[in-house]
Structures are given as C-alpha cells and as structure tokens.
Amino acid sequence: MIEIHDLTKNFEQIRAVDNVSVTIRENTVFGLIGTNGAGKSTVLRMLAGVLKADSGTVTVDDLPVYDNVEAKKRLFFIADEPYFFANANAQAMERYYSGVYENFDREEFYQYLEKFGLDKNRKINTFSKGMKRQLAFLLGVCAHTRYLLCDEVLDGLDPVMRQGVKSIFAKEMEERGLTPVIASHNLRELEDICDHVGLLHKGGVLLSRDLEDMKCNIQKVQCVFANVEEELKALGGLEVLKKEQRGSLRTYTVRSTREEIEARFATVDTVFYEVLPLSLEEIFISETEVVGYDIKKLILG
C-alpha cells in the first residue's frame with residue numbers, strides 16, 4: 001500500500017503540491033487526474049523518490065521512499081518524457097534494467113517488443129513519441145515491480161495501442177497483483193480501467209473517491225411526471241445534484257442507490273421513467289459542482 005500524508009513541495013515561490021494526502025491500495029488502478037500544472041507529475045516524482053518533499057511523508061509498504069533502495073525496488077517510474085541512454089537501442093535498455101531490477105523478465109520483454117512491432121536493434125532516438133512511450137511502458141511492466149507509476153502513459157498512443165496497454169495492465173494485475181498509478185489530464189482515457197480516482201487542482205486534492213462507490217451512489221433519472229404533485233412526492237427527501245428540463249421531460253442527477261430510486265418512483269404516477277448509467281465524466285461533474293468547482297473548465301475543456 002502507498003500512503004501519502006500532508007505532502008507539500010515548493011519551487012521557489014510556487015507551491016506545486018499543497019498538503020496532499022492519498023492512500024493507494026494494492027491491486028487497484030489509481031488514476032491521478034488534473035490539468036497541466038495541477039501537481040500530478042510532482043506528486044509522482046516524490047512518490048518515486050526522485051524529488052524530496054518539503055514536508056509530509058510518502059511510504060510504500062510502510063517504507064519511506066526518498067533515498068531508500070529497498071522501497072525503490074518496489075517501484076518503476078515512467079516519466080512523461082521517458083529517458084533513454086544516448087544512441088541506445090531497446091536491447092541496451094533491457095540490459096541496463098535487468099541489472100537494476102532482479103525480477104526483470106527478459107523473455108517477456110522481447111515477446112512484447114515483437115507484439116508491439118518495436119525493433120530491438122533500432123536506435124531509440126529514431127523512434128516516434130508514441131514508440132518511445134511504448135518502450136518505456138514495456139520496460140516498466142517487465143521489471144515486475146509491485147507498483148508502476150505512469151505519467152501520461154497513454155498520451156500519444158493510437159487507439160489500438162491504448163487498448164493494448166490497458167489489456168497488459170489487466171493481465172499483470174490478475175497474474176501478479178500489479179498496482180498501476182496513472183497520472184493523466186484526460187478523464188476519459190482512464191474511465192474504463194481505474195478503480196479509484198483522485199482529482200488534483202492547484203496542487204491540492206479536490207476529490208478522491210472509489211469509482212464503484214461513486215457509480216453506485218449517484219444516479220441519473222429521466223422521467224415525465226403526471227403532475228407537479230407527483231414530482232414533489234418522488235423527489236422529497238432526495239439530494240438532487242443537478243436538474244435539467246426540456247418540455248415535460250426532466251433529467252435529475254441524484255445521490256442515491258438505484259434500488260432506492262426504483263422503489264420510490266414505483267410509488268408515484270409517471271408517464272415514464274428510467275434510471276440511466278452515468279459516465280465517469282458526469283459523476284465528476286456532479287461531485288465537483290457540489291463543492292463549487294466546474295470540472296468542465298478544470299480538466300474537460
């Protein structure tokens with residue numbers, strides 16, 4: 001488990017990370033969302049032990065990370081701009097990381113290279129941005145660390161490669177309990193793979209929630225009521241986060257379980273009603289609007 005408590009980092013007069021506290025459970029996919037400049041990369045670098053926090057603590061399996069070899073053996077950090085040795089090819093990078101990580105799987109690495117169509121002998125400086133990201137990702141996966149820290153790992157990949165990366169995450173989690181931590185500015189990229197999402201804004205955590213809990217406790221209801229009295233009866237006592245109306249059709253975003261909504265609406269007179277699934281984007285819009293922020297301006301626009 002990764003535990004971050006009251007983490008703060010300043011760069012001269014700029015506070016990049018402001019009292020961040022997050023717990024990342026094992027064998028889950030944790031998504032760290034936020035605009036450019038929100039502090040995602042700085043948090044990951046402190047989590048990887050690359051940067052030292054000004055205050056606060058970062059522990060991995062109860063081990064402090066900074067300047068601690070034992071803790072760093074459990075982590076592999078993929079930076080937004082992956083670093084490779086000058087004039088190196090994929091084979092040279094494999095030899096290096098095989099010496100750093102004792103559980104590095106060389107056979108698996110070359111199998112993945114072939115599947116991704118990456119030439120082990122080609123100079124990496126001739127690779128495209130997407131190819132470099134693919135190589136960094138494969139090196140990280142094959143290091144067989146417990147935690148894989150990814151900064152914008154899906155950025156620059158075409159749709160086929162993104163699905164390939166996601167399928168590898170799923171395979172490695174199932175087979176050996178990998179825990180990916182993925183920072184991204186794009187909420188939609190992470191919707192189908194994350195178990196828990198933390199939203200950073202101006203260096204602080206605006207929201208950190210388990211996605212399954214969020215999906216179970218927020219519902220979208222479309223309905224047409226027979227009259228105003230029936231509408232008041234259906235909504236009485238419910239926490240309505242958002243309301244839209246087009247003619248007689250009303251759409252409500254409500255904090256409640258699906259079972260509670262269905263039971264309540266079954267007792268009122270409606271022309272029709274249906275409970276619809278919400279996207280991760282819609283859930284976050286609803287949650288952040290409640291606390292006074294417009295997520296559409298923060299990370300969707």
# chains A, B, ... in the order shown; residues from 1 in each chain; ligands from 1

call {"tool": "residues_around", "arguments": {"residues": "Val50 (chain A)", "least_positions_apart": "3", "cutoff": "9 Å", "atoms": "only C-alpha atoms", "output": "PyMOL selection string"}}
result
chain A and resi 44-47+66-67

call {"tool": "closest_residue", "arguments": {"among": "A:Gly247, A:Gly130, A:Gly140, A:Gly204", "to": "Phe116 (chain A)", "atoms": "only C-alpha atoms"}}
result
A:Gly130

call {"tool": "residues_around", "arguments": {"residues": "region 78-83 of chain A", "least_positions_apart": "4", "cutoff": "8 Å", "atoms": "only C-alpha atoms", "output": "VMD selection string"}}
result
chain A and resid 41 132 to 133 136 to 137 140 148 to 153

call {"tool": "closest_residue", "arguments": {"among": "A:Cys142, A:Val271, A:Ile4, A:Val160", "to": "Ser248 (chain A)", "atoms": "only C-alpha atoms"}}
result
A:Val271

call {"tool": "residues_around", "arguments": {"residues": "Asp54 (chain A)", "least_positions_apart": "4", "cutoff": "9 Å", "atoms": "only C-alpha atoms", "output": "NGL selection string"}}
result
:A and (7-10)

call {"tool": "residues_around", "arguments": {"residues": "Lys242 (chain A)", "least_positions_apart": "2", "cutoff": "8 Å", "atoms": "only C-alpha atoms", "output": "list in words"}}
result
Val240, Glu244, Tyr252, Thr253, Val254 and Ser286 of chain A

call {"tool": "write_last_selection", "arguments": {"atoms": "C-alpha atoms", "output": "PDB file, in the first residue's frame"}}
result
ATOM      1  CA  VAL A 240     -30.716  16.344  -6.182  1.00  0.00           C
ATOM      2  CA  GLU A 244     -32.436  19.674 -16.440  1.00  0.00           C
ATOM      3  CA  TYR A 252     -32.197  14.529 -12.487  1.00  0.00           C
ATOM      4  CA  THR A 253     -28.790  13.587 -11.146  1.00  0.00           C
ATOM      5  CA  VAL A 254     -29.496  12.261  -7.656  1.00  0.00           C
ATOM      6  CA  SER A 286     -21.748  16.375 -10.367  1.00  0.00           C
TER       7      SER A 286
END

call {"tool": "select_by_dssp", "arguments": {"residues": "region 13-47 of chain A", "states": "strand (DSSP E)", "output": "MDAnalysis selection string"}}
result
chainID A and resid 14:24 30:33

call {"tool": "select_by_dssp", "arguments": {"residues": "region 76-142 of chain A", "states": "alpha helix (DSSP H)", "output": "ChimeraX atom specification"}}
result
/A:90-100,106-116,129-142

call {"tool": "closest_residue", "arguments": {"among": "A:Thr270, A:Thr28, A:Thr59, A:Gln111", "to": "Ile193 (chain A)", "atoms": "only C-alpha atoms"}}
result
A:Thr28

call {"tool": "residues_around", "arguments": {"residues": "Gly34 (chain A)", "least_positions_apart": "6", "cutoff": "9 Å", "atoms": "only C-alpha atoms", "output": "VMD selection string"}}
result
chain A and resid 40 183 to 187 198 to 202 298 to 299

call {"tool": "write_last_selection", "arguments": {"atoms": "C-alpha atoms", "output": "tab-separated table (two decimals), in the first residue's frame"}}
result
chain	number	residue	atom	x	y	z
A	40	LYS	CA	0.43	15.37	-10.89
A	183	ALA	CA	-1.45	10.36	-13.94
A	184	SER	CA	-3.39	11.94	-16.79
A	185	HIS	CA	-5.07	15.18	-17.81
A	186	ASN	CA	-7.72	13.19	-19.66
A	187	LEU	CA	-10.54	11.78	-17.58
A	198	GLY	CA	-8.02	11.41	-7.27
A	199	LEU	CA	-8.59	14.87	-8.74
A	200	LEU	CA	-5.79	17.41	-8.24
A	201	HIS	CA	-6.40	21.13	-8.60
A	202	LYS	CA	-3.84	23.85	-7.88
A	298	LEU	CA	-10.68	22.16	-14.95
A	299	ILE	CA	-9.99	19.03	-17.00

call {"tool": "closest_residue", "arguments": {"among": "A:Asn217, A:Gln134, A:Ser128, A:Thr257", "to": "Arg162 (chain A)", "atoms": "only C-alpha atoms"}}
result
A:Gln134

call {"tool": "atom_distance", "arguments": {"atom1": "CA of Phe225 (chain A)", "atom2": "CA of Glu274 (chain A)"}}
result
11.9 Å

call {"tool": "closest_residue", "arguments": {"among": "A:Lys129, A:Lys233, A:Arg255, A:Lys52", "to": "Asp213 (chain A)", "atoms": "only C-alpha atoms"}}
result
A:Arg255

call {"tool": "residues_around", "arguments": {"residues": "Leu178 (chain A)", "least_positions_apart": "3", "cutoff": "12 Å", "atoms": "only C-alpha atoms", "output": "ChimeraX atom specification"}}
result
/A:1,25-30,74-76,140-149,168-175,181

call {"tool": "write_last_selection", "arguments": {"atoms": "N, CA and C atoms", "output": "compact mmCIF listing (two decimals), in the first residue's frame"}}
result
# COMPACT_ATOMS: atom_id res chain seq x y z
N MET A 1 0.84 -1.20 0.00
CA MET A 1 0.00 0.00 0.00
C MET A 1 0.88 1.25 0.00
N ARG A 25 -4.45 1.66 -2.50
CA ARG A 25 -4.50 0.26 -2.10
C ARG A 25 -3.84 -0.63 -3.15
N GLU A 26 -3.37 -1.79 -2.69
CA GLU A 26 -2.74 -2.75 -3.60
C GLU A 26 -3.75 -3.34 -4.57
N ASN A 27 -3.24 -3.74 -5.74
CA ASN A 27 -4.03 -4.43 -6.76
C ASN A 27 -5.26 -3.64 -7.21
N THR A 28 -5.09 -2.33 -7.28
CA THR A 28 -6.11 -1.45 -7.85
C THR A 28 -5.42 -0.56 -8.88
N VAL A 29 -6.21 0.03 -9.75
CA VAL A 29 -5.69 1.04 -10.68
C VAL A 29 -6.09 2.41 -10.16
N PHE A 30 -5.10 3.19 -9.77
CA PHE A 30 -5.36 4.52 -9.22
C PHE A 30 -5.09 5.56 -10.29
N ARG A 74 10.52 -1.63 -5.25
CA ARG A 74 9.10 -1.98 -5.44
C ARG A 74 8.41 -1.08 -6.45
N LEU A 75 9.14 -0.09 -6.98
CA LEU A 75 8.56 0.92 -7.86
C LEU A 75 9.26 0.97 -9.21
N PHE A 76 8.50 1.27 -10.24
CA PHE A 76 9.09 1.65 -11.53
C PHE A 76 8.35 2.90 -11.99
N GLY A 140 8.89 -0.95 -17.98
CA GLY A 140 8.30 -0.87 -16.65
C GLY A 140 7.53 -2.11 -16.27
N VAL A 141 6.74 -2.63 -17.20
CA VAL A 141 5.95 -3.84 -16.93
C VAL A 141 6.87 -5.03 -16.67
N CYS A 142 7.90 -5.17 -17.49
CA CYS A 142 8.76 -6.35 -17.40
C CYS A 142 9.74 -6.28 -16.23
N ALA A 143 9.85 -5.10 -15.58
CA ALA A 143 10.67 -5.01 -14.37
C ALA A 143 10.02 -5.78 -13.23
N HIS A 144 8.73 -6.06 -13.34
CA HIS A 144 7.99 -6.86 -12.36
C HIS A 144 8.07 -6.27 -10.95
N THR A 145 7.95 -4.95 -10.88
CA THR A 145 7.83 -4.30 -9.58
C THR A 145 6.38 -4.40 -9.12
N ARG A 146 6.18 -4.14 -7.84
CA ARG A 146 4.83 -4.21 -7.29
C ARG A 146 3.98 -3.02 -7.75
N TYR A 147 4.63 -1.85 -7.90
CA TYR A 147 3.92 -0.63 -8.27
C TYR A 147 4.52 -0.05 -9.54
N LEU A 148 3.66 0.39 -10.45
CA LEU A 148 4.10 1.00 -11.70
C LEU A 148 3.52 2.41 -11.76
N LEU A 149 4.39 3.41 -11.71
CA LEU A 149 3.98 4.81 -11.69
C LEU A 149 4.09 5.37 -13.11
N ILE A 168 -2.66 -5.18 -21.05
CA ILE A 168 -1.47 -5.63 -20.30
C ILE A 168 -1.62 -5.29 -18.82
N PHE A 169 -2.14 -4.09 -18.53
CA PHE A 169 -2.43 -3.75 -17.13
C PHE A 169 -3.32 -4.81 -16.50
N ALA A 170 -4.39 -5.17 -17.18
CA ALA A 170 -5.34 -6.15 -16.64
C ALA A 170 -4.67 -7.50 -16.43
N LYS A 171 -3.87 -7.93 -17.39
CA LYS A 171 -3.18 -9.22 -17.30
C LYS A 171 -2.20 -9.24 -16.12
N GLU A 172 -1.40 -8.19 -16.00
CA GLU A 172 -0.38 -8.15 -14.94
C GLU A 172 -1.02 -8.03 -13.56
N MET A 173 -2.14 -7.33 -13.46
CA MET A 173 -2.84 -7.24 -12.19
C MET A 173 -3.39 -8.59 -11.77
N GLU A 174 -3.95 -9.31 -12.72
CA GLU A 174 -4.53 -10.61 -12.42
C GLU A 174 -3.47 -11.64 -12.07
N GLU A 175 -2.36 -11.63 -12.80
CA GLU A 175 -1.35 -12.69 -12.65
C GLU A 175 -0.40 -12.45 -11.47
N VAL A 181 -0.35 3.21 -10.98
CA VAL A 181 -0.76 4.56 -10.61
C VAL A 181 -0.56 5.41 -11.86

call {"tool": "closest_residue", "arguments": {"among": "A:Arg106, A:Lys115, A:Arg258, A:Lys243", "to": "Met161 (chain A)", "atoms": "only C-alpha atoms"}}
result
A:Lys115

call {"tool": "atom_distance", "arguments": {"atom1": "CA of His5 (chain A)", "atom2": "CA of Asp18 (chain A)"}}
result
10.8 Å

call {"tool": "atom_distance", "arguments": {"atom1": "CA of Asp119 (chain A)", "atom2": "CA of Met93 (chain A)"}}
result
12.6 Å

call {"tool": "decode", "arguments": {"residues": "region 84-100 of chain A", "atoms": "N, CA and C atoms", "output": "mmCIF file, in the first residue's frame"}}
result
data_model
loop_
_atom_site.group_PDB
_atom_site.id
_atom_site.type_symbol
_atom_site.label_atom_id
_atom_site.label_comp_id
_atom_site.auth_asym_id
_atom_site.auth_seq_id
_atom_site.Cartn_x
_atom_site.Cartn_y
_atom_site.Cartn_z
ATOM 1 N N PHE A 84 16.191 7.776 -22.108
ATOM 2 C CA PHE A 84 16.957 6.640 -22.616
ATOM 3 C C PHE A 84 18.400 7.085 -22.830
ATOM 4 N N PHE A 85 19.335 6.154 -22.717
ATOM 5 C CA PHE A 85 20.739 6.492 -22.944
ATOM 6 C C PHE A 85 20.951 6.939 -24.385
ATOM 7 N N ALA A 86 21.923 7.829 -24.563
ATOM 8 C CA ALA A 86 22.222 8.329 -25.903
ATOM 9 C C ALA A 86 22.642 7.175 -26.818
ATOM 10 N N ASN A 87 22.058 7.159 -28.018
ATOM 11 C CA ASN A 87 22.376 6.153 -29.039
ATOM 12 C C ASN A 87 22.028 4.725 -28.634
ATOM 13 N N ALA A 88 21.232 4.551 -27.586
ATOM 14 C CA ALA A 88 20.879 3.203 -27.124
ATOM 15 C C ALA A 88 19.751 2.633 -27.988
ATOM 16 N N ASN A 89 19.684 1.304 -27.999
ATOM 17 C CA ASN A 89 18.532 0.628 -28.591
ATOM 18 C C ASN A 89 17.771 -0.088 -27.467
ATOM 19 N N ALA A 90 16.685 -0.755 -27.826
ATOM 20 C CA ALA A 90 15.856 -1.410 -26.807
ATOM 21 C C ALA A 90 16.629 -2.499 -26.078
ATOM 22 N N GLN A 91 17.499 -3.183 -26.788
ATOM 23 C CA GLN A 91 18.276 -4.262 -26.177
ATOM 24 C C GLN A 91 19.226 -3.714 -25.113
ATOM 25 N N ALA A 92 19.837 -2.567 -25.385
ATOM 26 C CA ALA A 92 20.740 -1.950 -24.404
ATOM 27 C C ALA A 92 19.986 -1.518 -23.155
ATOM 28 N N MET A 93 18.766 -0.995 -23.327
ATOM 29 C CA MET A 93 17.981 -0.580 -22.174
ATOM 30 C C MET A 93 17.525 -1.793 -21.365
ATOM 31 N N GLU A 94 17.230 -2.882 -22.040
ATOM 32 C CA GLU A 94 16.874 -4.117 -21.328
ATOM 33 C C GLU A 94 18.036 -4.586 -20.462
ATOM 34 N N ARG A 95 19.248 -4.549 -21.017
ATOM 35 C CA ARG A 95 20.427 -4.995 -20.256
ATOM 36 C C ARG A 95 20.625 -4.130 -19.017
ATOM 37 N N TYR A 96 20.387 -2.829 -19.153
ATOM 38 C CA TYR A 96 20.535 -1.939 -18.014
ATOM 39 C C TYR A 96 19.508 -2.261 -16.936
ATOM 40 N N TYR A 97 18.239 -2.311 -17.316
ATOM 41 C CA TYR A 97 17.195 -2.536 -16.312
ATOM 42 C C TYR A 97 17.226 -3.953 -15.744
ATOM 43 N N SER A 98 17.731 -4.906 -16.506
ATOM 44 C CA SER A 98 17.903 -6.263 -15.964
ATOM 45 C C SER A 98 18.886 -6.264 -14.806
ATOM 46 N N GLY A 99 19.868 -5.354 -14.870
ATOM 47 C CA GLY A 99 20.841 -5.253 -13.787
ATOM 48 C C GLY A 99 20.318 -4.488 -12.586
ATOM 49 N N VAL A 100 19.319 -3.629 -12.804
ATOM 50 C CA VAL A 100 18.754 -2.816 -11.720
ATOM 51 C C VAL A 100 17.651 -3.564 -10.977
#
